[in-house]
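final_29.txt follows; it contains compact mmCIF, C-alpha atoms.
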```txt
# COMPACT_ATOMS: atom_id res chain seq x y z
CA MET I 22 169.70 122.25 126.82
CA THR I 23 171.85 125.34 127.28
CA PRO I 24 173.72 125.29 130.64
CA PRO I 25 173.10 128.19 133.01
CA GLY I 26 175.41 131.20 132.64
CA PRO I 27 177.31 133.19 135.28
CA ALA I 28 174.27 135.41 135.98
CA LYS I 29 172.51 132.37 137.46
CA ALA I 30 175.04 132.40 140.32
CA GLN I 31 174.49 136.06 141.26
CA LEU I 32 173.02 136.49 144.72
CA ARG I 33 172.12 140.12 144.02
CA SER I 34 171.95 142.11 140.80
CA PRO I 35 174.29 145.10 140.26
CA ALA I 36 171.28 147.40 140.72
CA GLN I 37 170.44 145.83 144.08
CA LEU I 38 174.03 146.18 145.27
CA GLU I 39 174.13 149.79 144.10
CA ALA I 40 170.95 150.51 146.07
CA LEU I 41 172.65 149.45 149.30
CA GLY I 42 174.84 152.55 149.25
CA ALA I 43 177.82 150.42 150.29
CA ARG I 44 181.39 151.06 149.15
CA PHE I 45 182.96 148.03 147.44
CA VAL I 46 186.75 147.79 147.35
CA ARG I 47 187.41 145.27 144.59
CA GLY I 48 190.69 143.90 143.36
CA GLU I 49 192.53 144.43 146.66
CA ARG I 50 193.32 141.54 148.96
CA ALA I 51 193.12 141.98 152.71
CA VAL I 52 196.58 141.16 154.09
CA ALA I 53 196.37 142.19 157.76
CA LEU I 54 193.89 142.96 160.53
CA ASP I 55 194.38 144.95 163.71
CA ALA I 56 191.50 143.67 165.82
CA GLY I 57 191.95 146.31 168.55
CA ALA I 58 191.84 149.19 166.07
CA ARG I 59 189.28 147.44 163.83
CA SER I 60 191.37 148.23 160.80
CA VAL I 61 192.11 146.14 157.70
CA THR I 62 195.20 146.67 155.56
CA THR I 63 195.08 145.73 151.88
CA ALA I 64 197.88 144.56 149.60
CA SER I 65 198.33 148.08 148.24
CA GLY I 66 198.89 149.45 151.75
CA ARG I 67 195.45 151.00 152.04
CA VAL I 68 194.03 150.98 155.59
CA LEU I 69 190.27 150.61 156.06
CA ARG I 70 188.85 151.46 159.50
CA ALA I 71 185.35 150.70 160.77
CA ASP I 72 183.15 150.39 163.83
CA ALA I 73 182.68 146.70 162.99
CA VAL I 74 184.67 144.21 160.92
CA VAL I 75 183.20 140.97 159.53
CA ILE I 76 185.65 138.27 158.41
CA ALA I 77 184.22 136.20 155.56
CA THR I 78 187.33 134.95 153.75
CA GLY I 79 186.15 131.34 153.52
CA LEU I 80 188.51 128.53 152.62
CA THR I 81 191.54 127.90 150.47
CA SER I 82 191.95 124.67 148.53
CA ARG I 83 194.52 122.02 149.29
CA HIS I 84 196.81 120.98 146.44
CA LEU I 85 198.49 117.87 145.13
CA PRO I 86 202.27 117.61 144.80
CA GLY I 87 203.21 119.20 141.48
CA GLN I 88 200.02 121.25 141.29
CA TYR I 89 200.33 125.03 141.34
CA SER I 90 197.71 127.73 141.34
CA GLN I 91 196.63 128.65 137.81
CA ASN I 92 198.68 131.53 136.36
CA GLY I 93 200.39 132.10 139.72
CA GLN I 94 197.14 133.28 141.30
CA HIS I 95 196.99 133.84 145.02
CA ASP I 96 194.70 132.04 147.38
CA GLN I 97 192.53 133.82 149.94
CA ASP I 98 195.37 133.90 152.45
CA GLY I 99 197.38 135.96 150.02
CA HIS I 100 199.96 133.27 149.32
CA ASP I 101 200.81 131.53 146.08
CA GLY I 102 199.23 128.09 145.77
CA GLN I 103 202.72 126.58 145.66
CA SER I 104 205.83 128.19 144.21
CA GLY I 105 204.06 130.72 142.03
CA GLN I 106 204.79 128.64 138.90
CA ASP I 107 202.15 126.94 136.80
CA GLY I 108 201.88 123.18 136.89
CA PRO I 109 200.57 121.12 133.98
CA ALA I 110 197.55 122.57 132.19
CA GLY I 111 194.28 120.73 132.65
CA VAL I 112 194.43 120.50 136.45
CA HIS I 113 191.61 122.27 138.27
CA THR I 114 190.39 123.16 141.72
CA LEU I 115 186.88 124.46 142.29
CA ARG I 116 186.31 127.30 144.75
CA GLY I 117 184.91 130.20 142.73
CA LEU I 118 182.84 131.07 139.68
CA ASP I 119 185.86 131.70 137.45
CA GLU I 120 187.18 128.23 138.23
CA ALA I 121 183.75 126.70 137.55
CA LEU I 122 183.54 128.37 134.13
CA THR I 123 187.09 127.30 133.23
CA LEU I 124 186.34 123.73 134.27
CA ARG I 125 183.11 123.63 132.28
CA THR I 126 184.90 124.83 129.16
CA HIS I 127 187.63 122.23 129.56
CA LEU I 128 185.22 119.35 130.17
CA THR I 129 183.34 120.04 126.95
CA GLY I 130 186.47 119.09 125.02
CA ALA I 131 187.87 116.41 127.34
CA THR I 132 187.29 112.66 127.23
CA ARG I 133 188.95 111.25 130.37
CA LEU I 134 188.56 112.88 133.77
CA VAL I 135 190.18 111.89 137.05
CA VAL I 136 188.68 113.34 140.22
CA ALA I 137 190.96 113.33 143.26
CA GLY I 138 188.84 113.39 146.41
CA GLU I 139 185.95 111.26 147.64
CA GLY I 140 184.02 113.97 149.50
CA VAL I 141 180.90 115.89 148.52
CA LEU I 142 182.60 118.09 145.92
CA GLY I 143 184.49 115.23 144.30
CA ALA I 144 181.39 113.04 144.08
CA GLU I 145 179.26 115.84 142.61
CA ILE I 146 181.88 116.62 139.97
CA ALA I 147 182.16 112.95 139.04
CA ALA I 148 178.37 112.67 138.68
CA THR I 149 178.20 115.82 136.56
CA ALA I 150 181.03 114.69 134.28
CA ARG I 151 179.40 111.31 133.72
CA GLY I 152 176.24 113.16 132.75
CA LEU I 153 178.32 114.96 130.11
CA GLY I 154 179.51 111.63 128.76
CA LEU I 155 183.10 111.69 130.02
CA ASP I 156 185.08 108.64 131.07
CA VAL I 157 185.46 109.25 134.84
CA THR I 158 187.69 107.77 137.53
CA LEU I 159 187.38 108.95 141.12
CA ALA I 160 190.29 108.33 143.50
CA GLY I 161 190.45 109.06 147.21
CA LEU I 162 192.13 108.08 150.43
CA GLY I 163 188.85 107.16 152.15
CA HIS I 164 187.30 103.73 151.74
CA THR I 165 183.82 105.02 150.82
CA LEU I 166 182.35 108.10 149.18
CA LEU I 167 181.48 110.84 151.69
CA GLY I 168 182.71 108.56 154.46
CA ASP I 169 183.91 111.45 156.61
CA GLN I 170 180.56 113.20 156.27
CA LEU I 171 178.02 110.35 156.27
CA GLY I 172 179.84 107.18 157.31
CA ASP I 173 180.45 103.86 155.61
CA VAL I 174 176.83 102.66 155.34
CA ILE I 175 175.65 105.59 153.22
CA GLY I 176 179.07 105.85 151.59
CA ALA I 177 178.80 102.29 150.29
CA LEU I 178 175.39 103.06 148.77
CA LEU I 179 176.82 106.13 147.06
CA GLY I 180 179.74 104.10 145.76
CA ARG I 181 177.35 101.59 144.22
CA LEU I 182 175.33 104.45 142.68
CA HIS I 183 178.44 105.86 140.98
CA ALA I 184 179.74 102.46 139.90
CA ASP I 185 176.37 101.61 138.36
CA ARG I 186 176.63 104.85 136.33
CA GLY I 187 180.05 103.91 135.01
CA VAL I 188 182.43 105.74 137.36
CA ARG I 189 185.58 103.77 138.18
CA LEU I 190 186.37 104.04 141.87
CA ARG I 191 189.89 103.85 143.26
CA LEU I 192 189.31 104.25 146.98
CA GLY I 193 191.62 103.66 149.90
CA ALA I 194 194.74 104.75 148.00
CA ALA I 195 196.47 108.11 148.25
CA VAL I 196 197.08 110.22 145.17
CA GLU I 197 200.85 110.50 144.94
CA SER I 198 201.52 112.78 141.98
CA LEU I 199 200.46 114.19 138.63
CA THR I 200 202.03 113.17 135.33
CA GLY I 201 202.29 115.38 132.27
CA ALA I 202 203.78 115.87 128.84
CA ASN I 203 204.28 119.00 126.74
CA GLY I 204 202.91 121.14 129.52
CA ARG I 205 199.60 119.27 129.89
CA VAL I 206 198.41 116.75 132.44
CA THR I 207 198.36 113.14 131.25
CA GLY I 208 197.40 111.28 134.39
CA VAL I 209 197.36 110.75 138.14
CA ARG I 210 199.65 108.29 139.89
CA LEU I 211 198.42 106.55 143.03
CA ALA I 212 200.56 105.41 145.96
CA THR I 213 199.83 101.83 144.84
CA GLY I 214 201.76 102.59 141.64
CA GLU I 215 198.68 102.56 139.41
CA LEU I 216 198.60 105.29 136.78
CA LEU I 217 195.18 106.74 135.92
CA PRO I 218 195.25 108.31 132.43
CA ALA I 219 193.52 111.68 132.12
CA ASP I 220 193.31 114.75 129.94
CA ALA I 221 191.53 116.61 132.77
CA VAL I 222 191.99 116.39 136.54
CA VAL I 223 189.95 117.98 139.30
CA VAL I 224 191.55 118.16 142.73
CA ALA I 225 188.97 118.10 145.54
CA ILE I 226 191.04 116.82 148.46
CA GLY I 227 189.82 119.31 151.02
CA SER I 228 190.49 122.83 152.13
CA ARG I 229 191.55 124.87 155.13
CA PRO I 230 190.18 128.09 156.65
CA ALA I 231 191.73 131.16 155.02
CA THR I 232 193.25 132.64 158.17
CA GLY I 233 196.91 133.13 157.20
CA TRP I 234 196.37 136.87 156.72
CA LEU I 235 195.09 137.11 160.31
CA GLU I 236 198.34 136.05 162.00
CA GLY I 237 199.33 138.73 164.47
CA SER I 238 195.82 140.24 164.43
CA GLY I 239 195.14 139.53 168.08
CA LEU I 240 192.41 137.00 167.27
CA SER I 241 192.34 133.40 168.44
CA LEU I 242 192.95 131.14 165.45
CA GLY I 243 192.46 127.40 165.56
CA ASP I 244 190.33 125.51 163.07
CA GLY I 245 189.17 128.86 161.74
CA VAL I 246 188.51 132.14 163.53
CA GLU I 247 187.38 131.26 167.03
CA CYS I 248 184.18 133.10 168.01
CA ASP I 249 181.70 133.20 170.87
CA THR I 250 178.03 132.24 170.63
CA ARG I 251 177.32 135.56 168.86
CA CYS I 252 179.95 134.81 166.18
CA ARG I 253 182.09 137.56 167.75
CA ALA I 254 185.85 137.03 167.62
CA ALA I 255 186.73 140.25 169.47
CA GLU I 256 184.93 143.44 170.39
CA GLY I 257 183.49 144.73 167.14
CA VAL I 258 185.00 141.88 165.08
CA TYR I 259 182.87 138.99 163.77
CA ALA I 260 183.40 135.97 161.54
CA VAL I 261 180.90 134.30 159.26
CA GLY I 262 180.71 131.31 156.91
CA ASP I 263 183.33 128.62 156.31
CA VAL I 264 186.04 130.49 158.22
CA ALA I 265 184.04 130.92 161.46
CA ALA I 266 184.48 128.48 164.36
CA PHE I 267 181.65 129.47 166.70
CA GLU I 268 180.34 128.21 170.03
CA HIS I 269 176.94 126.56 169.67
CA GLU I 270 174.84 127.16 172.78
CA GLY I 271 172.46 124.29 172.03
CA LEU I 272 175.25 121.72 171.70
CA GLY I 273 177.74 123.13 174.20
CA ARG I 274 180.61 122.83 171.73
CA ARG I 275 182.43 124.67 168.97
CA LEU I 276 181.46 124.11 165.33
CA ARG I 277 182.72 125.22 161.94
CA LEU I 278 180.32 124.49 159.09
CA GLU I 279 181.07 124.45 155.37
CA ASN I 280 177.85 124.83 153.42
CA ARG I 281 175.69 127.45 151.75
CA THR I 282 172.85 127.17 154.26
CA ASN I 283 175.16 128.00 157.14
CA ALA I 284 176.67 130.99 155.34
CA THR I 285 173.22 132.45 154.71
CA GLU I 286 171.77 131.87 158.18
CA GLN I 287 174.92 132.89 160.03
CA ALA I 288 175.21 136.10 158.01
CA GLN I 289 171.71 137.08 159.12
CA VAL I 290 172.62 136.63 162.79
CA VAL I 291 175.92 138.49 162.42
CA ALA I 292 174.25 141.40 160.62
CA ALA I 293 171.68 141.66 163.41
CA ASN I 294 174.39 141.61 166.09
CA VAL I 295 176.44 144.26 164.28
CA LEU I 296 173.33 146.45 164.40
CA GLY I 297 172.94 146.00 168.15
CA ALA I 298 171.09 142.74 168.69
CA ASP I 299 172.32 140.09 171.10
CA ARG I 300 171.41 136.94 169.20
CA PRO I 301 173.12 133.55 169.58
CA TYR I 302 173.63 131.42 166.50
CA THR I 303 172.14 127.97 167.17
CA PRO I 304 171.53 126.22 163.85
CA VAL I 305 170.70 122.62 163.19
CA PRO I 306 173.48 121.94 160.66
CA TYR I 307 172.19 120.99 157.22
CA PHE I 308 173.56 120.22 153.80
CA TRP I 309 172.33 118.56 150.65
CA THR I 310 173.88 117.07 147.56
CA ASP I 311 172.38 116.12 144.20
CA GLN I 312 174.07 113.23 142.38
CA TYR I 313 172.41 111.75 139.29
CA ASP I 314 168.76 111.25 140.23
CA VAL I 315 169.46 111.13 143.98
CA LYS I 316 168.93 114.03 146.36
CA LEU I 317 170.62 113.53 149.72
CA GLN I 318 169.69 115.78 152.64
CA ALA I 319 171.60 115.59 155.92
CA HIS I 320 170.51 117.31 159.13
CA GLY I 321 172.46 117.53 162.37
CA LEU I 322 175.90 115.99 162.79
CA PRO I 323 175.92 112.56 161.13
CA SER I 324 179.17 110.96 162.25
CA PRO I 325 181.16 108.09 160.75
CA ASP I 326 181.16 106.55 164.23
CA ALA I 327 177.38 106.63 164.63
CA GLU I 328 174.98 103.73 164.26
CA VAL I 329 172.75 104.20 161.20
CA SER I 330 169.22 102.80 161.08
CA VAL I 331 166.56 103.16 158.39
CA THR I 332 163.27 104.48 159.76
CA GLU I 333 161.21 104.68 156.58
CA GLY I 334 161.47 103.46 153.01
CA ASP I 335 163.97 101.00 151.59
CA PRO I 336 167.51 101.62 150.29
CA GLU I 337 166.96 98.97 147.62
CA GLN I 338 164.04 101.01 146.29
CA GLY I 339 166.09 104.21 146.17
CA ARG I 340 163.98 106.11 148.73
CA PHE I 341 164.55 106.06 152.49
CA ALA I 342 165.07 108.09 155.63
CA ALA I 343 167.59 107.18 158.33
CA VAL I 344 168.80 108.36 161.71
CA TYR I 345 172.29 108.40 163.24
CA ARG I 346 172.68 107.46 166.90
CA GLU I 347 175.61 107.86 169.28
CA ARG I 348 175.38 106.69 172.88
CA GLY I 349 171.67 106.16 172.39
CA GLU I 350 170.94 109.71 171.21
CA ILE I 351 169.97 110.77 167.70
CA THR I 352 172.69 113.04 166.33
CA GLY I 353 171.79 113.13 162.65
CA VAL I 354 169.03 112.57 160.12
CA LEU I 355 169.41 111.66 156.46
CA GLY I 356 166.94 111.59 153.60
CA TRP I 357 167.68 109.73 150.34
CA ASN I 358 165.04 111.02 147.94
CA MET I 359 162.79 111.53 150.98
CA PRO I 360 163.02 115.27 151.79
CA LYS I 361 159.69 115.59 153.60
CA GLN I 362 160.30 112.62 155.86
CA ALA I 363 163.80 113.87 156.66
CA ARG I 364 162.41 117.27 157.69
CA VAL I 365 159.85 115.63 159.97
CA LEU I 366 162.58 113.52 161.60
CA ARG I 367 164.75 116.61 162.02
CA GLN I 368 161.98 118.55 163.75
CA ARG I 369 161.14 115.62 165.99
CA SER I 370 164.68 114.57 166.89
CA LEU I 371 166.96 117.60 166.70
CA GLY I 372 164.80 120.56 167.72
CA ALA I 373 166.34 120.63 171.22
CA TRP I 374 169.68 121.64 169.69
CA GLN I 375 168.36 125.17 169.40
CA ARG I 376 167.88 125.47 173.17
CA PRO I 377 170.87 126.65 175.26
CA GLN I 378 173.05 124.07 176.99
CA PRO I 379 176.17 124.54 179.15
CA LEU I 380 179.20 125.16 176.93
CA SER I 381 182.15 122.80 177.04
CA SER I 382 185.60 122.94 175.50
CA ALA I 383 184.91 120.02 173.13
```

Rewrite the coordinates I just gave you, this time as structure tokens.
Amino acid sequence: MTPPGPAKAQLRSPAQLEALGARFVRGERAVALDAGARSVTTASGRVLRADAVVIATGLTSRHLPGQYSQNGQHDQDGHDGQSGQDGPAGVHTLRGLDEALTLRTHLTGATRLVVAGEGVLGAEIAATARGLGLDVTLAGLGHTLLGDQLGDVIGALLGRLHADRGVRLRLGAAVESLTGANGRVTGVRLATGELLPADAVVVAIGSRPATGWLEGSGLSLGDGVECDTRCRAAEGVYAVGDVAAFEHEGLGRRLRLENRTNATEQAQVVAANVLGADRPYTPVPYFWTDQYDVKLQAHGLPSPDAEVSVTEGDPEQGRFAAVYRERGEITGVLGWNMPKQARVLRQRSLGAWQRPQPLSSA
């Protein structure tokens, strides 16, 4: 079966974008914002002024010691990944389409892959590589897969799923460094001293909001661009997607969400508010992940500290739904090959999140 090409990832065709009548400034990084003047300065010195500015710069990947951005490329903050030099060839991060295509090309000729990172991205890459027939080792500091997102109970089930498919897991040990020879990566060394041989490495050890270019802008920057309930960071300035830390009226706390569903839904609210609406953004957080023949769907805020209980199905049968409880309240819902049941639980248990509550500083 022929894998999908780059066109599959297009959200809109060139004709649809042309029909918008918008002006696209491509190939120029934004390097500064004056929030009061609503002006953006690009790397070439060009100044763009507007009635409204929307910040959607997303995230920038974290790196391992000895890893540098490919070909001295800049990240979304406008800084070199490390020193501006290239590290050993065969080391990848995955943030954009170009990186995905480069990785796919490399994996077709590789035999041994090491994935650094036990989160969603790392686990999905490991599953995909095993499907391609590669020898795969996944290493991460956490003790279970997706432990930070879904906790140890579900993480242990995911670990067993990957191990049963032939992935070697090296969890609970930090990745210390990369090894190489003749300009190419040869392995990953763990803090335990173990060396994991590899002719391809994917680094998926997390990311940070791309806010470096906003220093001195007048905006409040914490874990992202801090916004109000309307995703407004300042008068006429909004933030959307992975970079936006917004106040959630229904939960009375600030959230920053990293998933496609959030980017789509939040963009709709921001666009409406730019055009004059006064609409709060009150989502029930949601993400999914497909690994092998398992589709996981998580609603709400499943926490590693929560108590997990199965409400329907059986984990041993590979189909179940579960809820997360903290202090007696349901805070998250998970479906493991049970999407319909998970949606029903979400509607029944988390619908109140979309009703306003007093905001706190949590």

Computed interatomic separation between atom CA of I:Gly201 and atom CA of I:Ala110 (Å): 8.6 Å

For stretch 31-45 of chain I, find every residue with an atom within 12 Å (counting all atoms listed in the file), except residues of its own chain fewer than 5 positions away, and show them as a list in words. Pro25, Gly26, Leu69, Leu118, Arg281 and Thr285 of chain I

List every residue of stretch 163-214 of chain I that has an atom at most 8 Å from any atom of stretch 313-324 of chain I, and for each one report the closest atom pair and its distance in Å to one decimal, counting all atoms listed in the file, with rows sorted by chain and then by increasing residue number, as a tab-separated table.
```
residue	atom	partner	partner_atom	distance
I:Asp169	CA	I:Ser324	CA	7.4
I:Gln170	CA	I:Ser324	CA	6.5
I:Leu171	CA	I:Pro323	CA	5.7
I:Gly172	CA	I:Ser324	CA	6.3
```

Would you pick out the contacts of stretch 177-186 of chain I at 6 Å or less, using only C-alpha atoms, so that residues sharing its chain but fewer than 2 positions from it are not included, and give the list as a list in words?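 Close residues of stretch 177-186 of chain I: Thr165, Leu166, Asp173, Val174, Ile175 and Val188 of chain I.
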
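For the pair atom CA of I:Ala342 and atom CA of I:Glu328, the separation is 13.8 Å.
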
For I:Ala51, list every protein, DNA or RNA residue within 8 Å, evaluated using all atoms listed in the file, and leave out those in the same chain fewer than 5 positions away; present the list as a PyMOL selection string. chain I and resi 61-64+99+234

Residue contacts of I:Val258 (7 Å, only C-alpha atoms) excluding same-chain residues fewer than 5 positions away, as a PyMOL selection string: chain I and resi 56+73-75+253

To one decimal in Å, tell me the separation between atom CA of I:Glu256 and atom CA of I:Gly237. 16.3 Å
